[in-house]
Structures are given as structure tokens and as C-alpha cells.
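coords.cif (mmCIF, C-alpha atoms) appears below.
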data_run
loop_
_atom_site.label_atom_id
_atom_site.label_comp_id
_atom_site.auth_asym_id
_atom_site.auth_seq_id
_atom_site.Cartn_x
_atom_site.Cartn_y
_atom_site.Cartn_z
CA MET X 1 0.00 0.00 0.00
CA ALA X 2 1.37 3.40 -0.96
CA HIS X 3 0.82 6.78 0.60
CA ILE X 4 -0.56 9.09 -2.11
CA LYS X 5 -1.18 12.85 -2.25
CA LEU X 6 -4.26 13.79 -4.24
CA LYS X 7 -4.49 17.37 -5.53
CA LEU X 8 -7.75 18.80 -6.80
CA PHE X 9 -8.27 21.78 -9.09
CA ALA X 10 -11.03 23.94 -10.57
CA ASN X 11 -14.64 22.81 -10.11
CA ILE X 12 -13.81 19.52 -8.40
CA ARG X 13 -11.84 21.39 -5.73
CA GLU X 14 -14.74 23.80 -5.26
CA LEU X 15 -17.24 20.96 -5.00
CA VAL X 16 -15.18 19.01 -2.47
CA GLY X 17 -14.01 22.07 -0.57
CA GLN X 18 -10.48 20.65 -0.33
CA SER X 19 -7.40 21.15 -2.50
CA LYS X 20 -5.20 18.38 -1.07
CA LEU X 21 -6.11 14.97 0.31
CA GLU X 22 -4.07 11.94 1.28
CA TYR X 23 -4.94 8.28 0.81
CA GLU X 24 -3.40 4.85 0.96
CA ALA X 25 -3.80 3.12 -2.41
CA LYS X 26 -1.87 0.75 -4.64
CA ASN X 27 -3.31 1.95 -7.93
CA LEU X 28 -5.30 4.82 -9.39
CA ILE X 29 -8.67 3.09 -9.45
CA GLU X 30 -8.38 2.25 -5.77
CA LEU X 31 -7.42 5.85 -5.01
CA LEU X 32 -10.35 7.26 -6.98
CA HIS X 33 -12.83 4.88 -5.35
CA LYS X 34 -11.60 5.85 -1.88
CA PHE X 35 -11.93 9.49 -2.86
CA ILE X 36 -15.46 9.06 -4.26
CA ASP X 37 -16.51 7.02 -1.22
CA GLU X 38 -15.57 10.02 0.91
CA TYR X 39 -16.92 12.65 -1.51
CA PRO X 40 -19.77 11.00 -3.48
CA ASP X 41 -20.80 14.34 -5.03
CA ALA X 42 -17.57 14.31 -7.06
CA ASN X 43 -18.53 11.03 -8.75
CA SER X 44 -20.12 12.64 -11.81
CA ILE X 45 -17.03 14.81 -12.42
CA VAL X 46 -14.67 11.84 -12.33
CA PHE X 47 -16.70 8.92 -13.68
CA GLU X 48 -19.20 8.30 -16.46
CA ASP X 49 -22.63 7.07 -15.35
CA SER X 50 -21.58 3.47 -15.86
CA GLY X 51 -19.27 3.64 -12.87
CA ASN X 52 -15.75 2.58 -13.79
CA ASP X 53 -15.09 4.62 -16.95
CA LEU X 54 -13.47 8.01 -16.49
CA GLN X 55 -15.22 11.09 -17.81
CA GLY X 56 -13.86 11.74 -21.30
CA TYR X 57 -12.51 15.23 -20.64
CA ILE X 58 -11.07 14.86 -17.15
CA ASN X 59 -7.28 15.15 -16.93
CA ILE X 60 -5.50 13.06 -14.32
CA PHE X 61 -1.75 13.32 -13.85
CA ILE X 62 0.54 11.05 -11.85
CA ASN X 63 3.72 12.95 -11.01
CA GLY X 64 3.09 15.25 -13.99
CA THR X 65 2.35 12.56 -16.56
CA ASN X 66 -1.15 12.27 -18.01
CA ILE X 67 -2.45 8.82 -17.10
CA MET X 68 -3.47 8.29 -20.74
CA HIS X 69 0.26 7.87 -21.41
CA LEU X 70 0.51 5.37 -18.54
CA ASP X 71 -2.01 2.59 -17.93
CA GLY X 72 -5.02 4.86 -17.66
CA ILE X 73 -7.25 4.14 -14.73
CA ASN X 74 -5.26 0.95 -14.04
CA SER X 75 -2.01 2.88 -13.53
CA SER X 76 -0.12 1.69 -10.48
CA LEU X 77 0.95 4.01 -7.68
CA SER X 78 4.07 4.12 -5.53
CA ASP X 79 4.71 5.59 -2.13
CA GLY X 80 4.91 9.39 -2.31
CA ASP X 81 3.23 9.72 -5.73
CA GLU X 82 1.27 12.88 -6.40
CA VAL X 83 -1.97 12.55 -8.33
CA ALA X 84 -3.62 15.68 -9.73
CA ILE X 85 -7.18 15.87 -11.05
CA LEU X 86 -7.73 18.74 -13.49
CA PRO X 87 -11.18 19.21 -14.95
CA PRO X 88 -10.87 20.81 -18.40
CA VAL X 89 -10.27 24.56 -18.43
CA SER X 90 -10.74 25.62 -22.01
CA GLY X 91 -12.02 29.18 -22.24
CA GLY X 92 -10.15 32.16 -23.55
CA MET I 93 18.07 51.85 -32.49
CA PHE I 94 15.80 53.95 -30.28
CA ASN I 95 14.86 57.60 -30.56
CA SER I 96 14.68 59.74 -27.43
CA THR I 97 10.91 59.33 -27.08
CA GLU I 98 11.23 55.55 -27.15
CA LEU I 99 14.02 55.65 -24.59
CA GLU I 100 11.74 57.68 -22.34
CA ARG I 101 8.70 55.49 -22.99
CA TYR I 102 10.52 52.28 -22.10
CA ASN I 103 12.75 53.79 -19.40
CA ARG I 104 11.30 51.80 -16.48
CA GLN I 105 11.80 48.45 -18.16
CA ILE I 106 15.16 49.35 -19.72
CA MET I 107 16.15 49.64 -16.04
CA LEU I 108 15.31 45.91 -15.84
CA PHE I 109 16.91 44.46 -18.94
CA GLY I 110 18.83 47.28 -20.58
CA GLU I 111 18.59 48.69 -24.10
CA GLU I 112 19.75 45.31 -25.29
CA GLY I 113 16.62 43.67 -23.88
CA GLN I 114 14.43 46.44 -25.25
CA SER I 115 16.05 46.00 -28.63
CA LYS I 116 15.20 42.28 -28.56
CA LEU I 117 11.56 43.19 -27.90
CA LYS I 118 11.62 45.65 -30.79
CA GLN I 119 12.99 43.05 -33.17
CA ALA I 120 10.45 40.39 -32.15
CA THR I 121 7.31 39.34 -33.97
CA VAL I 122 4.65 37.78 -31.76
CA LEU I 123 1.45 36.04 -32.85
CA VAL I 124 -1.53 36.65 -30.59
CA ALA I 125 -3.99 33.92 -31.60
CA GLY I 126 -7.38 35.14 -30.48
CA LEU I 127 -8.35 38.64 -29.42
CA GLY I 128 -10.89 37.89 -26.71
CA GLY I 129 -10.60 37.60 -22.93
CA LEU I 130 -6.99 36.38 -22.91
CA GLY I 131 -5.92 38.09 -26.13
CA SER I 132 -6.96 41.51 -24.83
CA PRO I 133 -4.55 41.78 -21.87
CA ILE I 134 -1.88 39.87 -23.78
CA ALA I 135 -1.95 42.29 -26.71
CA ILE I 136 -2.23 45.37 -24.48
CA TYR I 137 0.82 44.46 -22.37
CA LEU I 138 2.89 43.33 -25.35
CA ALA I 139 2.09 46.55 -27.22
CA ALA I 140 2.91 48.62 -24.14
CA ALA I 141 6.19 46.72 -23.68
CA GLY I 142 7.26 47.58 -27.22
CA ILE I 143 7.13 44.27 -29.07
CA GLY I 144 8.16 45.36 -32.58
CA LYS I 145 5.42 43.55 -34.43
CA LEU I 146 2.19 42.01 -33.19
CA LYS I 147 0.20 39.77 -35.48
CA ILE I 148 -3.35 39.64 -34.16
CA VAL I 149 -5.68 36.95 -35.46
CA ASP I 150 -9.41 36.54 -34.85
CA PHE I 151 -12.37 35.80 -37.12
CA ASP I 152 -15.03 37.14 -34.80
CA ASN I 153 -16.94 40.37 -34.20
CA VAL I 154 -17.41 42.12 -30.87
CA ASP I 155 -20.57 41.06 -29.03
CA ILE I 156 -22.08 42.68 -25.94
CA THR I 157 -21.44 39.48 -23.91
CA ASN I 158 -17.68 39.91 -24.58
CA LEU I 159 -17.43 43.21 -22.73
CA ASN I 160 -17.12 41.86 -19.16
CA ARG I 161 -13.63 40.57 -19.98
CA GLN I 162 -12.43 41.55 -23.45
CA VAL I 163 -11.00 44.87 -22.35
CA LEU I 164 -9.66 45.82 -25.77
CA HIS I 165 -13.22 46.28 -26.98
CA TYR I 166 -15.67 48.99 -25.92
CA GLU I 167 -19.42 49.36 -26.22
CA LYS I 168 -18.98 51.43 -29.39
CA ASP I 169 -17.17 48.46 -30.96
CA ILE I 170 -20.12 46.07 -30.81
CA THR I 171 -20.49 44.38 -34.26
CA ARG I 172 -17.01 45.55 -35.37
CA MET I 173 -14.31 42.99 -36.19
CA LYS I 174 -12.27 42.27 -33.06
CA VAL I 175 -9.00 42.72 -34.92
CA VAL I 176 -10.11 46.14 -36.22
CA SER I 177 -11.25 47.26 -32.77
CA GLY I 178 -8.09 45.81 -31.24
CA GLN I 179 -5.66 47.31 -33.71
CA GLU I 180 -7.19 50.75 -33.17
CA LYS I 181 -6.63 50.68 -29.38
CA LEU I 182 -3.22 49.05 -29.55
CA GLN I 183 -1.97 51.55 -32.09
CA GLN I 184 -3.27 54.41 -29.93
CA LEU I 185 -1.46 52.91 -26.94
CA ASN I 186 1.81 52.53 -28.86
CA PRO I 187 2.18 54.10 -32.31
CA ASN I 188 5.81 52.93 -32.51
CA ILE I 189 4.95 49.28 -33.08
CA GLU I 190 3.66 47.48 -36.15
CA ILE I 191 0.37 45.62 -35.95
CA GLU I 192 -0.73 43.17 -38.59
CA ARG I 193 -4.31 42.01 -38.39
CA VAL I 194 -5.61 38.78 -39.85
CA VAL I 195 -9.31 37.97 -40.06
CA THR I 196 -9.56 34.20 -40.18
CA ARG I 197 -10.42 31.10 -38.23
CA ILE I 198 -7.07 29.38 -37.62
CA ASP I 199 -6.93 25.85 -39.04
CA GLU I 200 -4.54 23.25 -40.48
CA ASN I 201 -4.69 24.89 -43.90
CA ASN I 202 -3.71 28.44 -42.95
CA ILE I 203 -1.49 27.90 -39.90
CA LYS I 204 1.70 27.66 -41.93
CA SER I 205 1.29 31.08 -43.50
CA ILE I 206 -0.02 32.63 -40.26
CA THR I 207 3.10 31.52 -38.35
CA GLU I 208 5.54 32.61 -41.07
CA GLY I 209 8.22 34.82 -39.49
CA ILE I 210 6.75 34.46 -35.98
CA ASP I 211 9.12 34.27 -32.98
CA VAL I 212 6.56 33.35 -30.30
CA ILE I 213 2.97 32.11 -30.49
CA VAL I 214 0.56 33.08 -27.74
CA ASP I 215 -2.47 30.83 -27.30
CA ALA I 216 -5.47 33.00 -26.51
CA MET I 217 -8.01 30.63 -28.02
CA ASP I 218 -11.27 29.43 -26.50
CA ASN I 219 -11.15 25.84 -27.76
CA TYR I 220 -8.72 22.92 -27.86
CA ASP I 221 -9.20 22.07 -31.56
CA THR I 222 -7.47 25.32 -32.52
CA ARG I 223 -5.02 25.06 -29.63
CA PHE I 224 -3.84 21.73 -31.03
CA VAL I 225 -3.34 23.36 -34.46
CA LEU I 226 -1.13 26.00 -32.79
CA ASN I 227 0.64 23.23 -30.88
CA SER I 228 1.52 21.33 -34.08
CA ALA I 229 2.91 24.53 -35.64
CA THR I 230 4.95 25.23 -32.53
CA VAL I 231 6.58 21.81 -32.68
CA SER I 232 7.18 21.76 -36.44
CA LYS I 233 8.65 25.30 -36.44
CA ARG I 234 10.44 24.85 -33.10
CA ILE I 235 9.11 28.13 -31.74
CA PRO I 236 7.60 28.59 -28.27
CA LEU I 237 3.88 28.49 -27.52
CA ILE I 238 2.60 30.26 -24.43
CA HIS I 239 -0.56 28.36 -23.49
CA GLY I 240 -3.29 29.86 -21.36
CA ALA I 241 -6.88 28.85 -20.60
CA VAL I 242 -9.55 30.12 -18.23
CA SER I 243 -12.93 29.18 -16.79
CA GLY I 244 -14.82 30.84 -13.99
CA LEU I 245 -12.23 31.85 -11.40
CA ASP I 246 -9.69 29.26 -12.56
CA GLY I 247 -6.91 29.49 -15.06
CA GLN I 248 -3.75 27.81 -16.26
CA VAL I 249 -0.54 28.76 -18.05
CA THR I 250 2.41 26.82 -19.37
CA THR I 251 5.25 27.66 -21.73
CA ILE I 252 5.89 25.07 -24.39
CA ILE I 253 9.40 24.97 -25.84
CA PRO I 254 9.58 22.08 -28.31
CA GLY I 255 12.08 19.45 -27.20
CA LYS I 256 12.48 21.00 -23.75
CA SER I 257 8.95 20.71 -22.39
CA PRO I 258 5.86 18.61 -22.93
CA CYS I 259 3.68 19.88 -25.76
CA LEU I 260 -0.05 20.48 -25.41
CA LYS I 261 -0.79 16.98 -26.75
CA CYS I 262 1.44 15.43 -24.07
CA LEU I 263 -0.63 17.26 -21.48
CA PHE I 264 -4.16 17.04 -22.73
CA THR I 265 -5.33 14.02 -24.67
CA SER I 266 -8.97 14.92 -25.25
CA THR I 267 -10.72 17.83 -26.92
CA PRO I 268 -13.46 19.18 -24.68
CA PRO I 269 -16.39 20.57 -26.68
CA LYS I 270 -16.46 24.31 -27.27
CA GLU I 271 -19.13 25.75 -25.01
CA VAL I 272 -20.37 28.92 -23.42
CA PHE I 273 -18.27 29.02 -20.27
CA PRO I 274 -18.62 31.11 -17.12
CA ILE I 275 -15.77 33.59 -16.77
CA LEU I 276 -14.86 36.56 -14.67
CA GLY I 277 -12.95 39.27 -16.53
CA THR I 278 -10.31 39.37 -13.84
CA THR I 279 -9.49 35.68 -14.37
CA ALA I 280 -8.70 36.35 -18.03
CA GLY I 281 -6.79 39.48 -16.97
CA ILE I 282 -4.58 37.54 -14.55
CA ILE I 283 -3.88 34.62 -16.88
CA GLY I 284 -3.39 36.79 -19.99
CA THR I 285 -1.01 39.05 -18.10
CA ILE I 286 1.06 36.05 -17.01
CA GLN I 287 1.17 34.87 -20.64
CA ALA I 288 2.44 38.30 -21.74
CA ASN I 289 4.99 38.14 -18.93
CA GLU I 290 6.24 34.80 -20.28
CA VAL I 291 6.61 36.28 -23.78
CA ILE I 292 8.65 39.21 -22.50
CA LYS I 293 10.86 36.97 -20.37
CA TYR I 294 11.42 34.56 -23.25
CA ILE I 295 12.44 37.32 -25.65
CA THR I 296 14.65 39.24 -23.23
CA GLY I 297 16.08 36.17 -21.49
CA LYS I 298 15.10 37.66 -18.14
CA GLY I 299 13.87 35.34 -15.39
CA GLU I 300 12.60 31.78 -15.41
CA LEU I 301 9.94 30.44 -17.72
CA LEU I 302 7.08 28.05 -17.00
CA VAL I 303 8.82 25.33 -19.03
CA GLY I 304 7.83 21.85 -17.83
CA GLN I 305 5.50 23.45 -15.33
CA LEU I 306 1.77 24.04 -15.38
CA LEU I 307 0.80 27.09 -13.34
CA LEU I 308 -2.73 26.83 -11.97
CA TRP I 309 -4.60 29.84 -10.63
CA ASP I 310 -7.45 29.50 -8.18
CA GLY I 311 -9.14 32.88 -7.97
CA SER I 312 -11.64 31.82 -5.30
CA SER I 313 -8.97 31.23 -2.66
CA ASN I 314 -6.19 33.35 -4.25
CA GLY I 315 -3.85 30.44 -4.77
CA PHE I 316 -1.22 29.72 -7.39
CA GLU I 317 0.13 26.22 -7.67
CA LYS I 318 2.76 24.87 -10.04
CA ILE I 319 2.81 21.22 -10.99
CA SER I 320 5.74 19.69 -12.82
CA ILE I 321 4.68 18.17 -16.12
CA MET I 322 6.48 15.53 -18.15
CA PRO I 323 6.80 15.04 -21.91
CA ASN I 324 5.32 11.90 -23.42
CA THR I 325 8.14 10.20 -25.31
CA ASN I 326 5.53 8.48 -27.49
CA CYS I 327 3.69 11.73 -28.27
CA ASP I 328 2.62 11.72 -31.92
CA VAL I 329 3.34 15.48 -32.16
CA CYS I 330 6.59 15.99 -30.22
CA GLY I 331 7.76 12.50 -29.19
CA HIS I 332 10.53 12.53 -31.82
CA LEU I 333 12.11 15.52 -30.05
CA HIS I 334 12.37 13.62 -26.76
CA GLU I 335 14.09 10.48 -28.03
CA GLU I 336 17.31 9.58 -26.23
#

Would you write the structure of this file as C-alpha cells?
Amino acid sequence: MAHIKLKLFANIRELVGQSKLEYEAKNLIELLHKFIDEYPDANSIVFEDSGNDLQGYINIFINGTNIMHLDGINSSLSDGDEVAILPPVSGG
Amino acid sequence: MFNSTELERYNRQIMLFGEEGQSKLKQATVLVAGLGGLGSPIAIYLAAAGIGKLKIVDFDNVDITNLNRQVLHYEKDITRMKVVSGQEKLQQLNPNIEIERVVTRIDENNIKSITEGIDVIVDAMDNYDTRFVLNSATVSKRIPLIHGAVSGLDGQVTTIIPGKSPCLKCLFTSTPPKEVFPILGTTAGIIGTIQANEVIKYITGKGELLVGQLLLWDGSSNGFEKISIMPNTNCDVCGHLHEE
């Protein structure tokens, strides 16, 4: 089990009312499920209705790398990893 | 290089980076892609700083709903082309610089000619489809792209230097739909001003750039946070620049 820092930005941070959380998790899906268990209102920002598929436009980074370049939602986590959830910010 | 009026006009920043730095600004050509919420403060500060040539690109006309944030445009400008309205104000602010206006929607077909002779591209777009077109041009021409985006009270900035930083495609893999987004004018002002700051630092060599870092602004709690970002060595746009 690894100790993970979870950073939240934009509307998900506002919804949850926290910018940094800490969890024990061995992979991303476990981390996200622990997070959603604690903050169920954030579910619709992170996951599609079906449950285990990520929302198409959400950006999740592990130590600065987009998880789409890793193993997606199945990416593994190591002690001290920082995970950042960035809902899309696209206006200009 | 500079006449006495110019030396006076730029005196306070020549104190920062010397006539040499000011001369670099004067010789630079910067593309401001989009003349809306971000493009307004970007263009204003770059014009004021004495960038020699600004190329301003936008296909749109001024609408009343733009006026809470697009500070280059006034009520009298409603229905006018944004580049016409913008050029007028920018040229009034600084008659010593050259401003080229282009009325077009940036796409794969015109990006090559739009970026001809450009030293820095500034992303002031409101959608990722066009941002990715700018990103491809940045990588193929090996010129920097200063990315910015805003929504509500949140914003982000990063400076993309091909081969040295992740590109926009390394960072963001999906293209969120273009939509009417909530936005406070001050959010665009803060983020656009930081983008202009990056341009000036890049050209003059002063200070540190947001290369490999994504700066995130949270206007509700007044917080800036930087997260380190990594290039994707398999990126289909810039991966070839990151091979060992």
C-alpha cells in the first residue's frame, strides 16, 4: 500500500471544498474509489454514469504525466506519488 | 536603435533588462492567436512593452457578452471585427509598433502562413481544436507556444518549448467541446497578463519560464500552484524531439 497525495483543481476542488487529500492506495482506481466514497458528489465529475469509466474530458496526472500515457485508470501508484485531477479549463 | 521618445517610454523596463533587452523586444514578432478575454490583456501588455510587431488573429466580431472581460473592446465596438477594434486601441497605446491584423479562423490549412516569421505564439483561443493546431505549428517550427486557458475563477498557463517541455498533446489528450463558459474578466486578466509576462521573459532572457510546469490559478482562494509536467516520449506530435 502506498501513501498518495491527491491534488484537486477547478470545479472539483470547489465541489469538495479541499485542494489536497491523502490516501493509501496501490493503484489509481483504488485511489479514486476511496476518494469518491468520501466525496460521493464528485462522482459525476470523475466517472461516467456506468461507474468505472473516467469522464472523457477529465485530466488526471501522476507525477506530472497524463495517465493516458501510462495505464489509464489501471495505472499503479508508488509511495509518495502525487496525483492531480484537473477538470478541463478551455475558455479564452 | 531607439529615438529619445522611445528611450523615455521604455525607461522603467530598460532599467530591468537594458537597451539590449528592449532591442530584442523591438525586433520580435509575436502572434496573438485570439483577441478575446486572454488576447486583450496579452496584446495590451505586449504593445505597451514595445514588441516590434504584433500579429493579431481573430475571425469574430465584438458582441455585448464579450465586454465583461475583453477589455480591448468597448461598447462602441459592438459588431465591429475584433482585430479592427483591437488594432485601433493598440496603435493608440503605442504608435511605434507594427500591428498586422488577420481575419480568419485558424486551421490546419492556414497555420503555416499565419506563423511565417513568428518568434513566439501566444495561445489565446477558447477551444482545444485550434489550440492543437497552434501546438503542431509550434513543434514543427520549433518556436515557443505560451498556453493559457480560463474558466470561472480558474486558469492555467504553461510555456511550451519544443524538445524542452511537454507539448499540449502530451498534457491534454482529449478535446473538450467548445461551449459557453462562465468567466470573470479578472481571471482572463490575470492569466493573460502572465502569458504576456512569459513572452517578455522569453524574448529578453530575463527570469525563469514556466517550461515543464503548469501554473494553476485558483481565484476563489487566491492560490497559485505549479505542478511539474512531463513530456510523453511516445507523443505523436513531439515524441521525436524527446528520443534519447

* **Result set, the PyMOL selection byres ((chain X) within 9 of (chain I)) on current file, as a ChimeraX atom specification** => /X:9-11,14,56-59,61,63-66,68-69,84,88-92

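The residues returned by the PyMOL selection byres ((chain I and resi 122) around 10) for this structure are I:Leu117, I:Gln119, I:Ala120, I:Thr121, I:Leu123, I:Val124, I:Ala125, I:Ala135, I:Leu138, I:Ile143, I:Gly144, I:Lys145, I:Leu146, I:Lys147, I:Ile148, I:Ile191, I:Thr207, I:Gly209, I:Ile210, I:Asp211, I:Val212, I:Ile213, I:Val214, I:Val291, I:Ile295.
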
Resulting file, chosen residues, C-alpha atoms, as a PDB file, in the frame of the given file:
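Done, and the output landed in selection36.pdb:
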ATOM      1  CA  LEU I 117      11.560  43.190 -27.900  1.00  0.00           C
ATOM      2  CA  GLN I 119      12.990  43.050 -33.170  1.00  0.00           C
ATOM      3  CA  ALA I 120      10.450  40.390 -32.150  1.00  0.00           C
ATOM      4  CA  THR I 121       7.310  39.340 -33.970  1.00  0.00           C
ATOM      5  CA  LEU I 123       1.450  36.040 -32.850  1.00  0.00           C
ATOM      6  CA  VAL I 124      -1.530  36.650 -30.590  1.00  0.00           C
ATOM      7  CA  ALA I 125      -3.990  33.920 -31.600  1.00  0.00           C
ATOM      8  CA  ALA I 135      -1.950  42.290 -26.710  1.00  0.00           C
ATOM      9  CA  LEU I 138       2.890  43.330 -25.350  1.00  0.00           C
ATOM     10  CA  ILE I 143       7.130  44.270 -29.070  1.00  0.00           C
ATOM     11  CA  GLY I 144       8.160  45.360 -32.580  1.00  0.00           C
ATOM     12  CA  LYS I 145       5.420  43.550 -34.430  1.00  0.00           C
ATOM     13  CA  LEU I 146       2.190  42.010 -33.190  1.00  0.00           C
ATOM     14  CA  LYS I 147       0.200  39.770 -35.480  1.00  0.00           C
ATOM     15  CA  ILE I 148      -3.350  39.640 -34.160  1.00  0.00           C
ATOM     16  CA  ILE I 191       0.370  45.620 -35.950  1.00  0.00           C
ATOM     17  CA  THR I 207       3.100  31.520 -38.350  1.00  0.00           C
ATOM     18  CA  GLY I 209       8.220  34.820 -39.490  1.00  0.00           C
ATOM     19  CA  ILE I 210       6.750  34.460 -35.980  1.00  0.00           C
ATOM     20  CA  ASP I 211       9.120  34.270 -32.980  1.00  0.00           C
ATOM     21  CA  VAL I 212       6.560  33.350 -30.300  1.00  0.00           C
ATOM     22  CA  ILE I 213       2.970  32.110 -30.490  1.00  0.00           C
ATOM     23  CA  VAL I 214       0.560  33.080 -27.740  1.00  0.00           C
ATOM     24  CA  VAL I 291       6.610  36.280 -23.780  1.00  0.00           C
ATOM     25  CA  ILE I 295      12.440  37.320 -25.650  1.00  0.00           C
TER      26      ILE I 295
END

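Using only C-alpha atoms, the nearest neighbour of X:Ser19 within the list X:Ile85, X:Glu38, X:Gly51, X:Leu70 is X:Ile85.
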
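Non-sequential neighbours of stretch 76-80 of chain X (distance at most 12 Å, separation of 5 or more positions within a chain, all atoms listed in the file) are Met1, Ala2, His3, Ile4, Lys5, Leu6, Glu22, Tyr23, Glu24, Ala25, Lys26, Asn27, Leu28, Ile29, Glu30, Leu31, Leu32, Phe61, Ile62, Asn63, Ile67, Leu70 and Asp71 of chain X.
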
* **Residue among I:Gln179, I:Ile282, I:Gly255, I:Tyr137 lying closest to I:Asn314, counting all atoms listed in the file** => I:Ile282

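Minimum atom-to-atom distance to I:Val231, evaluated using all atoms listed in the file, belongs to I:Asp328 out of I:Asp328, I:Glu190, I:Glu111, I:Glu335.
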
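Applied to this file, the PyMOL selection byres ((chain X and resi 47) around 12) selects X:Ile29, X:Leu32, X:His33, X:Phe35, X:Ile36, X:Pro40, X:Asp41, X:Ala42, X:Asn43, X:Ser44, X:Ile45, X:Val46, X:Glu48, X:Asp49, X:Ser50, X:Gly51, X:Asn52, X:Asp53, X:Leu54, X:Gln55, X:Gly56, X:Tyr57, X:Ile58, X:Asn59, X:Ile60, X:Ile73, X:Pro87.
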
When you get a chance, write out all heavy atoms for stretch 192-200 of chain I, as an mmCIF file, in the frame of the given file.
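New file out_22.cif:
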data_model
loop_
_atom_site.group_PDB
_atom_site.id
_atom_site.type_symbol
_atom_site.label_atom_id
_atom_site.label_comp_id
_atom_site.auth_asym_id
_atom_site.auth_seq_id
_atom_site.Cartn_x
_atom_site.Cartn_y
_atom_site.Cartn_z
ATOM 1 N N GLU I 192 -0.132 43.790 -37.407
ATOM 2 C CA GLU I 192 -0.730 43.170 -38.590
ATOM 3 C C GLU I 192 -1.973 42.429 -38.148
ATOM 4 O O GLU I 192 -1.928 41.637 -37.209
ATOM 5 C CB GLU I 192 0.258 42.183 -39.239
ATOM 6 C CG GLU I 192 -0.325 41.512 -40.475
ATOM 7 C CD GLU I 192 0.587 40.438 -41.056
ATOM 8 O OE1 GLU I 192 1.765 40.325 -40.626
ATOM 9 O OE2 GLU I 192 0.108 39.697 -41.930
ATOM 10 N N ARG I 193 -3.088 42.702 -38.787
ATOM 11 C CA ARG I 193 -4.310 42.010 -38.390
ATOM 12 C C ARG I 193 -4.698 40.986 -39.445
ATOM 13 O O ARG I 193 -4.557 41.229 -40.647
ATOM 14 C CB ARG I 193 -5.423 43.005 -38.117
ATOM 15 C CG ARG I 193 -5.833 43.812 -39.311
ATOM 16 C CD ARG I 193 -6.886 44.843 -38.945
ATOM 17 N NE ARG I 193 -7.558 45.291 -40.160
ATOM 18 C CZ ARG I 193 -7.965 46.529 -40.358
ATOM 19 N NH1 ARG I 193 -7.791 47.466 -39.437
ATOM 20 N NH2 ARG I 193 -8.579 46.849 -41.469
ATOM 21 N N VAL I 194 -5.187 39.862 -38.961
ATOM 22 C CA VAL I 194 -5.610 38.780 -39.850
ATOM 23 C C VAL I 194 -6.996 38.340 -39.419
ATOM 24 O O VAL I 194 -7.205 37.973 -38.264
ATOM 25 C CB VAL I 194 -4.641 37.578 -39.785
ATOM 26 C CG1 VAL I 194 -5.086 36.476 -40.736
ATOM 27 C CG2 VAL I 194 -3.211 38.005 -40.090
ATOM 28 N N VAL I 195 -7.943 38.407 -40.356
ATOM 29 C CA VAL I 195 -9.310 37.970 -40.060
ATOM 30 C C VAL I 195 -9.474 36.562 -40.614
ATOM 31 O O VAL I 195 -9.655 36.373 -41.819
ATOM 32 C CB VAL I 195 -10.351 38.903 -40.716
ATOM 33 C CG1 VAL I 195 -11.767 38.439 -40.334
ATOM 34 C CG2 VAL I 195 -10.127 40.336 -40.289
ATOM 35 N N THR I 196 -9.375 35.585 -39.738
ATOM 36 C CA THR I 196 -9.560 34.200 -40.180
ATOM 37 C C THR I 196 -9.752 33.294 -38.987
ATOM 38 O O THR I 196 -9.377 33.642 -37.860
ATOM 39 C CB THR I 196 -8.355 33.707 -41.010
ATOM 40 O OG1 THR I 196 -8.702 32.478 -41.652
ATOM 41 C CG2 THR I 196 -7.125 33.452 -40.155
ATOM 42 N N ARG I 197 -10.343 32.152 -39.232
ATOM 43 C CA ARG I 197 -10.420 31.100 -38.230
ATOM 44 C C ARG I 197 -9.184 30.225 -38.448
ATOM 45 O O ARG I 197 -9.011 29.677 -39.549
ATOM 46 C CB ARG I 197 -11.694 30.291 -38.437
ATOM 47 C CG ARG I 197 -12.109 29.434 -37.268
ATOM 48 C CD ARG I 197 -13.300 28.562 -37.675
ATOM 49 N NE ARG I 197 -14.550 29.301 -37.757
ATOM 50 C CZ ARG I 197 -15.433 29.406 -36.755
ATOM 51 N NH1 ARG I 197 -15.181 28.821 -35.594
ATOM 52 N NH2 ARG I 197 -16.559 30.068 -36.904
ATOM 53 N N ILE I 198 -8.329 30.126 -37.457
ATOM 54 C CA ILE I 198 -7.070 29.380 -37.620
ATOM 55 C C ILE I 198 -7.373 27.892 -37.802
ATOM 56 O O ILE I 198 -8.151 27.314 -37.042
ATOM 57 C CB ILE I 198 -6.157 29.597 -36.384
ATOM 58 C CG1 ILE I 198 -5.733 31.069 -36.312
ATOM 59 C CG2 ILE I 198 -4.936 28.685 -36.442
ATOM 60 C CD1 ILE I 198 -4.997 31.441 -35.027
ATOM 61 N N ASP I 199 -6.766 27.288 -38.833
ATOM 62 C CA ASP I 199 -6.930 25.850 -39.040
ATOM 63 C C ASP I 199 -5.667 25.249 -39.657
ATOM 64 O O ASP I 199 -4.678 25.959 -39.878
ATOM 65 C CB ASP I 199 -8.181 25.543 -39.889
ATOM 66 C CG ASP I 199 -8.111 26.159 -41.277
ATOM 67 O OD1 ASP I 199 -6.981 26.389 -41.778
ATOM 68 O OD2 ASP I 199 -9.168 26.405 -41.876
ATOM 69 N N GLU I 200 -5.726 23.952 -39.951
ATOM 70 C CA GLU I 200 -4.540 23.250 -40.480
ATOM 71 C C GLU I 200 -4.087 23.851 -41.805
ATOM 72 O O GLU I 200 -2.912 23.764 -42.162
ATOM 73 C CB GLU I 200 -4.832 21.752 -40.699
ATOM 74 C CG GLU I 200 -5.050 20.953 -39.442
ATOM 75 C CD GLU I 200 -6.510 20.949 -38.999
ATOM 76 O OE1 GLU I 200 -7.310 21.736 -39.566
ATOM 77 O OE2 GLU I 200 -6.848 20.193 -38.075
#
